[in-house]
Every structure is written in structure tokens, then in C-alpha cells.
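Right, one structure below, let's go through it.
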Amino acid sequence: MSTTRWCLTIGLVLGIVLGFGGWWALVAAVVLGFIGLIVGRVAEGKLDMAALFGKASSR
């Protein structure tokens with residue numbers, strides 16, 4: 001299992017544990033799962049945060 005999938009899984013589990021039950025549990029699981037996915041992508045080097053938030057000097 002790749003780092004991205006592990007981080008996504010951990011984020012989803014934390015979301016379910018954090019908001020156990022109801023509509024807000026679903027929302028929390030999706031939000032934390034997305035955050036876990038982003039962290040995993042950055043950890044694997046598949047998402048360059050400097051390119052997203054850096055200066056637009058190449059324009």
C-alpha cells in the first residue's frame with residue numbers, strides 16, 4: 001500500500017472516530033480523508049506545494 005493510500009485511510013479513520021455518528025461524522029470523514037490524501041501526495045512527492053503557493057515568477 002502506498003503512502004498516499006495509508007494517509008487517506010488514516011484520515012478517514014480519524015474522521016469516523018472524531019465524529020462517530022450522524023451527518024457531521026460523514027462530513028468530518030470526508031474532510032479528514034481529503035487532508036490525509038493531500039498529506040500523502042506531498043509525502044510521496046507527487047504534489048509540489050511550492051508550485052501551488054509560490055510566486056508566479058515564470059509568467
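The way I read the labels, and the way they are meant: chains A, B, ... in the order of the C-alpha cells, residue 1 as the first residue of every chain, and ligand 1 as the first ligand shown, with later ones counted on from there.
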
Applying 12 Å and only C-alpha atoms, which residues near Val13 in chain A remain after dropping the ones on its own chain fewer than 3 positions away? List them as a compact mmCIF listing (two decimals) with all heavy atoms, in the first residue's frame.
# COMPACT_ATOMS: atom_id res chain seq x y z
N TRP A 6 -2.18 5.05 2.59
CA TRP A 6 -2.12 4.95 4.05
C TRP A 6 -2.62 6.23 4.69
O TRP A 6 -3.39 6.21 5.66
CB TRP A 6 -0.70 4.67 4.53
CG TRP A 6 -0.39 3.22 4.59
CD1 TRP A 6 0.50 2.54 3.81
CD2 TRP A 6 -0.98 2.24 5.45
NE1 TRP A 6 0.50 1.21 4.14
CE2 TRP A 6 -0.40 0.99 5.15
CE3 TRP A 6 -1.95 2.29 6.45
CZ2 TRP A 6 -0.75 -0.18 5.81
CZ3 TRP A 6 -2.30 1.13 7.11
CH2 TRP A 6 -1.70 -0.09 6.79
N CYS A 7 -2.17 7.37 4.18
CA CYS A 7 -2.59 8.65 4.75
C CYS A 7 -4.08 8.88 4.54
O CYS A 7 -4.76 9.41 5.43
CB CYS A 7 -1.77 9.79 4.16
SG CYS A 7 -0.06 9.79 4.71
N LEU A 8 -4.60 8.50 3.39
CA LEU A 8 -6.02 8.61 3.14
C LEU A 8 -6.81 7.73 4.11
O LEU A 8 -7.80 8.17 4.71
CB LEU A 8 -6.35 8.21 1.70
CG LEU A 8 -7.83 8.16 1.32
CD1 LEU A 8 -8.48 9.52 1.50
CD2 LEU A 8 -8.00 7.67 -0.10
N THR A 9 -6.36 6.51 4.32
CA THR A 9 -7.03 5.60 5.24
C THR A 9 -7.00 6.12 6.67
O THR A 9 -8.02 6.11 7.38
CB THR A 9 -6.36 4.21 5.19
OG1 THR A 9 -6.41 3.73 3.84
CG2 THR A 9 -7.05 3.23 6.11
N ILE A 10 -5.87 6.63 7.10
CA ILE A 10 -5.75 7.18 8.44
C ILE A 10 -6.66 8.38 8.61
O ILE A 10 -7.34 8.54 9.63
CB ILE A 10 -4.28 7.54 8.75
CG1 ILE A 10 -3.47 6.25 8.89
CG2 ILE A 10 -4.17 8.39 10.01
CD1 ILE A 10 -1.97 6.47 8.93
N ILE A 16 -13.96 9.26 11.16
CA ILE A 16 -15.04 8.44 11.70
C ILE A 16 -14.98 8.43 13.23
O ILE A 16 -16.00 8.54 13.90
CB ILE A 16 -14.97 7.02 11.11
CG1 ILE A 16 -15.33 7.07 9.63
CG2 ILE A 16 -15.89 6.08 11.86
CD1 ILE A 16 -15.04 5.80 8.87
N VAL A 17 -13.77 8.31 13.77
CA VAL A 17 -13.62 8.30 15.23
C VAL A 17 -13.99 9.66 15.81
O VAL A 17 -14.65 9.74 16.85
CB VAL A 17 -12.18 7.91 15.62
CG1 VAL A 17 -11.91 8.16 17.08
CG2 VAL A 17 -11.91 6.46 15.26
N LEU A 18 -13.57 10.73 15.16
CA LEU A 18 -13.83 12.08 15.64
C LEU A 18 -15.32 12.38 15.70
O LEU A 18 -15.84 12.90 16.66
CB LEU A 18 -13.13 13.11 14.75
CG LEU A 18 -13.37 14.58 15.09
CD1 LEU A 18 -12.72 14.91 16.42
CD2 LEU A 18 -12.81 15.47 14.00
N GLY A 19 -16.02 12.04 14.66
CA GLY A 19 -17.43 12.40 14.61
C GLY A 19 -18.33 11.19 14.57
O GLY A 19 -19.18 11.08 13.69
N PHE A 20 -18.16 10.26 15.49
CA PHE A 20 -18.88 8.99 15.47
C PHE A 20 -20.39 9.20 15.46
O PHE A 20 -20.99 9.57 16.46
CB PHE A 20 -18.47 8.15 16.69
CG PHE A 20 -18.98 6.76 16.65
CD1 PHE A 20 -18.42 5.82 15.82
CD2 PHE A 20 -20.05 6.38 17.45
CE1 PHE A 20 -18.88 4.53 15.78
CE2 PHE A 20 -20.52 5.08 17.42
CZ PHE A 20 -19.94 4.15 16.59
N ALA A 25 -20.43 13.28 11.14
CA ALA A 25 -19.39 12.24 11.04
C ALA A 25 -19.01 12.02 9.59
O ALA A 25 -17.83 11.87 9.27
CB ALA A 25 -19.88 10.95 11.66
N LEU A 26 -19.99 12.01 8.71
CA LEU A 26 -19.73 11.85 7.29
C LEU A 26 -18.91 13.03 6.76
O LEU A 26 -17.92 12.84 6.05
CB LEU A 26 -21.04 11.73 6.52
CG LEU A 26 -20.92 11.65 5.00
CD1 LEU A 26 -20.23 10.36 4.60
CD2 LEU A 26 -22.27 11.75 4.35
N ALA A 28 -16.97 15.09 8.49
CA ALA A 28 -15.64 15.05 9.09
C ALA A 28 -14.77 13.99 8.43
O ALA A 28 -13.58 14.21 8.18
CB ALA A 28 -15.75 14.78 10.59
N ALA A 29 -15.34 12.82 8.12
CA ALA A 29 -14.58 11.75 7.48
C ALA A 29 -14.12 12.16 6.09
O ALA A 29 -12.98 11.90 5.70
CB ALA A 29 -15.42 10.48 7.40
N VAL A 30 -14.98 12.82 5.35
CA VAL A 30 -14.61 13.26 4.00
C VAL A 30 -13.53 14.33 4.06
O VAL A 30 -12.54 14.28 3.31
CB VAL A 30 -15.86 13.75 3.23
CG1 VAL A 30 -15.47 14.44 1.95
CG2 VAL A 30 -16.79 12.59 2.96
N VAL A 31 -13.69 15.31 4.94
CA VAL A 31 -12.71 16.39 5.06
C VAL A 31 -11.36 15.85 5.52
O VAL A 31 -10.32 16.17 4.92
CB VAL A 31 -13.22 17.50 6.01
CG1 VAL A 31 -12.13 18.47 6.37
CG2 VAL A 31 -14.39 18.23 5.38
N LEU A 32 -11.34 15.05 6.57
CA LEU A 32 -10.08 14.50 7.05
C LEU A 32 -9.47 13.50 6.07
O LEU A 32 -8.25 13.41 5.95
CB LEU A 32 -10.26 13.86 8.42
CG LEU A 32 -10.51 14.87 9.55
CD1 LEU A 32 -10.82 14.14 10.85
CD2 LEU A 32 -9.33 15.79 9.73
N GLY A 33 -10.29 12.79 5.35
CA GLY A 33 -9.79 11.91 4.30
C GLY A 33 -9.11 12.69 3.19
O GLY A 33 -8.06 12.30 2.69
N PHE A 34 -9.69 13.82 2.82
CA PHE A 34 -9.09 14.67 1.80
C PHE A 34 -7.76 15.25 2.28
O PHE A 34 -6.78 15.29 1.53
CB PHE A 34 -10.06 15.79 1.40
CG PHE A 34 -9.54 16.67 0.31
CD1 PHE A 34 -9.45 16.21 -0.99
CD2 PHE A 34 -9.12 17.96 0.57
CE1 PHE A 34 -8.96 17.01 -2.00
CE2 PHE A 34 -8.64 18.77 -0.42
CZ PHE A 34 -8.55 18.30 -1.72
N GLY A 36 -5.82 13.88 4.52
CA GLY A 36 -4.90 12.76 4.51
C GLY A 36 -4.38 12.45 3.11
O GLY A 36 -3.21 12.12 2.92

- Where in chain A does DSSP assign alpha helix (DSSP H), given as a ChimeraX atom specification? /A:3-18,22-44,49-53
